[in-house]
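Chemist: Okay, handing you the structure first.
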Amino acid sequence: MTAELVRGQNHPLSQSRVEIRVTAGAPVLALAAVCDGEGRLTGPGALAHPGSPALPGLQVPGAAAAEHRFAVDLGAVGPAVDQVKLVLALPPGGPTRFGAVPAPYAAVTGPEGDPLAGYALTGLDPETAVVALELYRRQGAWKVRAVGQGYADGLAALLADAGLNAPAAAELASAVAGAAAADGRMRAPVPATAAPTPPQGLAVPGPTGPTGTTGPTGAPGRQDPEPATVPVPGVPYPGAPGPAAPSAGPADTSGGPPTVDYVHPRRRRTSEPPEPAPAAAAPGRPGEPPAPVAGDASGWSMDERLYNQVWGMFEDLARTVAAYRSACDFADSRLDRELDQALSDPRDRTTGAPAQAAARARREELVAQAKAALDRDLAQLAAESGVVEPALPAAYARWSDPVWQGHALPEEAPMALRLGDLHLPERPDLRIPMLVRVPLERGLWIDNGRTGSEAAMATDTDRLRKAAMGMAVAHAARLLAVHPAGRFSVHVIDAAGAAAASLGPLVHSGVLAAPPAAGAAGVSETLARLTRRVDLVQMALRAGAPEELPPDVDTAEQLLIVHDFPHGFDDRAVTQLRYLADEGPAVGVHLLLVADRDEASAYGPLLDPLWRSLMRLTPVPDDHLADPWVGHHWTFEPDLPPPGSLVLEEALQRVATARRHARP
C-alpha cells in the first residue's frame, strides 16, 4: 500500500534499492542532487542532469518527458551523501510555470514496482523548478520526505540555495538547459501502469503560502504583519543563500508572533581536524528503526553534531505533527463534503444513512492511519531524546542534568545556549531543547506582565515578577559558566532595588562587573559606560585597528540585565537603551530586559522598535512561539534550577574561583 505523503511528511524506506517514478501532465526534467547532511551540494558535479546523468548509485533520464522512472541504489551513493533530492524543472521551450500544467506526482517504489510512498505536488504556480522528494539518511536508516519547495527564479535559485555560489549555480543551470535543448527529444509516455497515480481522495495538498522570488515558495501558516523572527542567530533564512542574511531569535511582539526558522547552521570553518564521529547506530530488529545514537548529525565537533541533531529533532517533530494535523483536516473536510453530497438530494435524506455511515468510517480510517504514523514517529523521537539529553554539554543541558556537577569552565566559548524547552500538545512530555547561537545576535526580553498570555494572567503578580527575575539570573549564570574565565561580564540595572533577593547569587559570588546600579544616576552611568564601549569598538573596527582600543575598555562579551524598565529611565536613557539593543550585539554588548510592556505604554509607539528587536520569553509555560511554516504554536517552558538545589550557586562559585586563578 502506498503511503500518500503531504508536504513535510516522511516515511521510512525498508530497502536500499528503490525506483523513483514521476508522472506529469507535460514534459519535465527529472534531476537528482546528492547532498551532505545539511542539504548542501558539494559542487556542480553533485547534480545528475541530462548533460551528466550518472552519479554513484543512480542515473537520471537524459531528456524531458511527461513520465520518468529511474533506479537509486542508496547503498552505493557513498558515505558522504546523506540526502538524495529529486528535482523537477521545466525544460526550455515548454510551459513557463508549473501552475500551467497538472500537478506532478512523484513516487518511490521497490525495484519490482511495489509502491512505497507517493506525493502530489499541488499548490505550485509561478515556480519553474521544485525539490519534489528527498531521500535522507537518519541514524543509519533511509527515509523519504515530501518537500515541495518551489523556486520562481528557476533552477539557478534552487542550486544557489543548495550551497553553490551564484556564478556556479547560473552556469550549471545553463548547462542543464543547454543539454535538454540539444537533446530535443521528448520521450513518448510509457504505459499508464508504469507509474502509480495517487488514489482518489488521498492526494492531499499540503499547506501553501506565498511564493518567494529567489528562494523556496513561502511556508504555510498564519501571515502576520511585521512578523518577528526566531531561532538560530547567524543562520540564513530558507531561500537566502550564504551568510548574508542572519536570522534572529524567538520573539513575540506587537507586530505578531515570532516565527521559527528550520535552517540548520552552516558548518564552522576551521583548520582543525574533526572530532571522531560517534559509533554507528546499532541495527534494529527487522521492521524496526536502528537504535538512536547521540551526535550522529553532521559537524566537526561533538558540540556541533549535537546542536545539529537537536535541530533535526525539532524539525522532525514539527513535520510529523504537521502531517498528522493535515491528514486530520483533510479527513474532516472530505467527510463534510461527502455528507453534503449525501444530503443535497431530498430523495436521499431519509435513505442516505448507509452513505453517511460509510463516509464517517472512511474518515475514522484515515485518522487512524495518520495517528499510527504519528505514534511511530513520536516513539522514535522520544527514544532519540532519551540518548541525546544525557550527552548534551552544560551550555545545552538542563540545570537538573548531572553534567553541572563538578562542571569546569571551558577553554572556548560555546556554540549555542539553552533557553528552555519546546513542546507540542500531541506529546507534551517530548521536550526539544530551545537552543540559540552565541554570541547572541539579538537581546532577550523576559515578559513579567500579566496581560501577555492566559498562563501569565493565572499567575500571581509577585510570583510572576520573582520568576521572571529568577529566569534572568539563571540565564546570566549559564552564560558566565559556559564561557572561559574573564570572557563574559554581567552588568545589572535595578533602579528601584526591587530585585535584590533574586540577584543574591550573582552579588554574593562576586561575578558582577559592578554592583547593581540603582536610581537615576546609576542608570545613567551604566548606560553611558556601555554606550561608550559600543562607540569605541565600532570606530576601531571601521578603522581596521581593533587592537588600538583604550586600556580601560573591557573586550569581553557584555550582558546588561535591566529590571523593571522603564522605572528610573528618562528620555536620554531610553534612547541609549534602544541604541544598545540595535548596535550592541554586533560588538559584543547584549541586552536582557525584564519588563512589563504595559508599564512602558506612556512612551507609545516610540518603543515599538525596541520590543520588536528583542526575543520575547515568558517565565511561565506559554504557547507564544508561532511557526508559520506548518502553523504550529510551540509551548515554551523556561529551564530553571530545581527548587532547593544549589547548582546555580555552585556554578557561580566556580566562575569566581576560575577568575581569581586567571588573574596575573
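In the C-alpha cells, chains take the letters A, B, ... in the order shown, each chain's residues start at 1, and ligands count up from 1 in the order shown.
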Write out as a list in words each polymer residue whose atoms come within 10 Å of Tyr603 (chain A), counting only C-alpha atoms; drop sequence neighbours fewer than 4 positions from it.

Modeler: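 Near neighbours after the sequence-gap exclusion: Pro566, Asp571, Val574, Glu599, Leu607 and Asp608 of chain A.
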
Chemist: If we count only C-alpha atoms, what is near Ala173 (chain A) at a cut-off of 9 Å, once residues fewer than 4 positions away on the same chain are taken out, given as an NGL selection string?

Modeler: :A and (154-156 or 159 or 168-169 or 177-178)

Chemist: Env of region 88-91 of chain A: 7 Å cut, atoms = only C-alpha atoms, seq-sep filter 6 positions within chain, self excluded. Answer as a ChimeraX atom specification.

Modeler: /A:28-31,64,128-132,155,177,180

Chemist: From the set A:Val587, A:Tyr324, A:Ile561, A:Pro414, which residue has the shortest atom-to-atom contact distance to Arg542 (chain A), counting only C-alpha atoms?

Modeler: A:Val587

Chemist: What does the distance from CA of Ile432 (chain A) to CA of His633 (chain A) come to in Å, to one decimal?

Modeler: 13.9 Å

Chemist: I need the residue nearest Val655 (chain A) from this list: A:Ala383, A:Ala162, A:Leu121, A:Leu480. Use only C-alpha atoms for the distance.

Modeler: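 Among the listed residues, A:Leu480 lies closest to Val655 (chain A).
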
Chemist: Of the residues A:Ala394, A:Ala600, A:Ala662, A:Ala651, which is the one nearest to Leu506 (chain A), using only C-alpha atoms?

Modeler: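 Nearest candidate to Leu506 (chain A) out of A:Ala394, A:Ala600, A:Ala662, A:Ala651: A:Ala651.
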
Chemist: As a ChimeraX atom specification, please: every residue in region 390-453 of chain A that DSSP puts in helix (DSSP H, G or I).

Modeler: /A:390-391,402-404

Chemist: Take the selection from the previous step and output its residues with N, CA and C atoms, as a JSON list (two decimals), in the first residue's frame.

Modeler:
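Contents of the output file out_22.json:
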```
[["chain", "number", "residue", "atom", "x", "y", "z"],
["A", 390, "PRO", "N", 21.14, 13.16, 27.85],
["A", 390, "PRO", "CA", 22.27, 12.92, 28.76],
["A", 390, "PRO", "C", 23.63, 13.25, 28.17],
["A", 391, "ALA", "N", 23.72, 13.36, 26.84],
["A", 391, "ALA", "CA", 25.01, 13.63, 26.20],
["A", 391, "ALA", "C", 25.27, 15.12, 25.98],
["A", 402, "PRO", "N", 23.17, 15.94, 35.39],
["A", 402, "PRO", "CA", 24.40, 15.69, 36.16],
["A", 402, "PRO", "C", 25.64, 16.38, 35.61],
["A", 403, "VAL", "N", 25.60, 16.85, 34.35],
["A", 403, "VAL", "CA", 26.78, 17.48, 33.77],
["A", 403, "VAL", "C", 27.21, 18.71, 34.56],
["A", 404, "TRP", "N", 26.27, 19.33, 35.30],
["A", 404, "TRP", "CA", 26.60, 20.51, 36.07],
["A", 404, "TRP", "C", 27.36, 20.18, 37.36]]
```

Chemist: Could you check how far CA of Phe330 (chain A) sits from CA of Val6 (chain A), in Å to one decimal?

Modeler: 10.4 Å

Chemist: In terms of the shortest atom-to-atom distance over only C-alpha atoms, which of A:Arg97, A:His68, A:His475, A:Arg138 is closest to Tyr151 (chain A)?

Modeler: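 Smallest distance to Tyr151 (chain A) is found for A:Arg97.
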
Chemist: Hey, which of A:Gly94, A:Pro12, A:Gly443, A:Gly406 ends up closest to Glu583 (chain A)? Count only C-alpha atoms.

Modeler: A:Gly443

Chemist: How many Å lie between CA of Val60 (chain A) and CA of Ala323 (chain A), rounded to one decimal?

Modeler: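 Going from CA of Val60 (chain A) over to CA of Ala323 (chain A), I get 29.2 Å.
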
Chemist: Using only C-alpha atoms, find the one residue out of A:Ala294, A:Val81, A:Val144, A:Ala355 that sits nearest to Ala3 (chain A).

Modeler: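 Looking only at the distances to Ala3 (chain A), the closest residue turns out to be A:Val144.
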
Chemist: List as a Markdown table every residue of region 507-593 of chain A that is in contact with region 446-467 of chain A, defined as an atom at most 10 Å from one of its atoms (using only C-alpha atoms), together with the nearest atom pair and the distance in Å rounded to one decimal, sorted by chain and then rising number.

Modeler:
```
| residue | atom | partner | partner_atom | distance |
| --- | --- | --- | --- | --- |
| A:His563 | CA | A:Ile446 | CA | 9.7 |
| A:Asp564 | CA | A:Asn448 | CA | 8.8 |
| A:Leu592 | CA | A:Ile446 | CA | 7.5 |
| A:Leu593 | CA | A:Ile446 | CA | 6.1 |
```

Chemist: Would you mind exporting the chosen residues as a compact mmCIF listing (two decimals), in the first residue's frame, restricted to C-alpha atoms?

Modeler:
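The result, stored in again01.txt:
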```
# COMPACT_ATOMS: atom_id res chain seq x y z
CA HIS A 563 14.95 45.07 35.78
CA ASP A 564 11.59 46.84 35.84
CA LEU A 592 18.42 41.13 28.84
CA LEU A 593 15.31 43.12 29.64
```
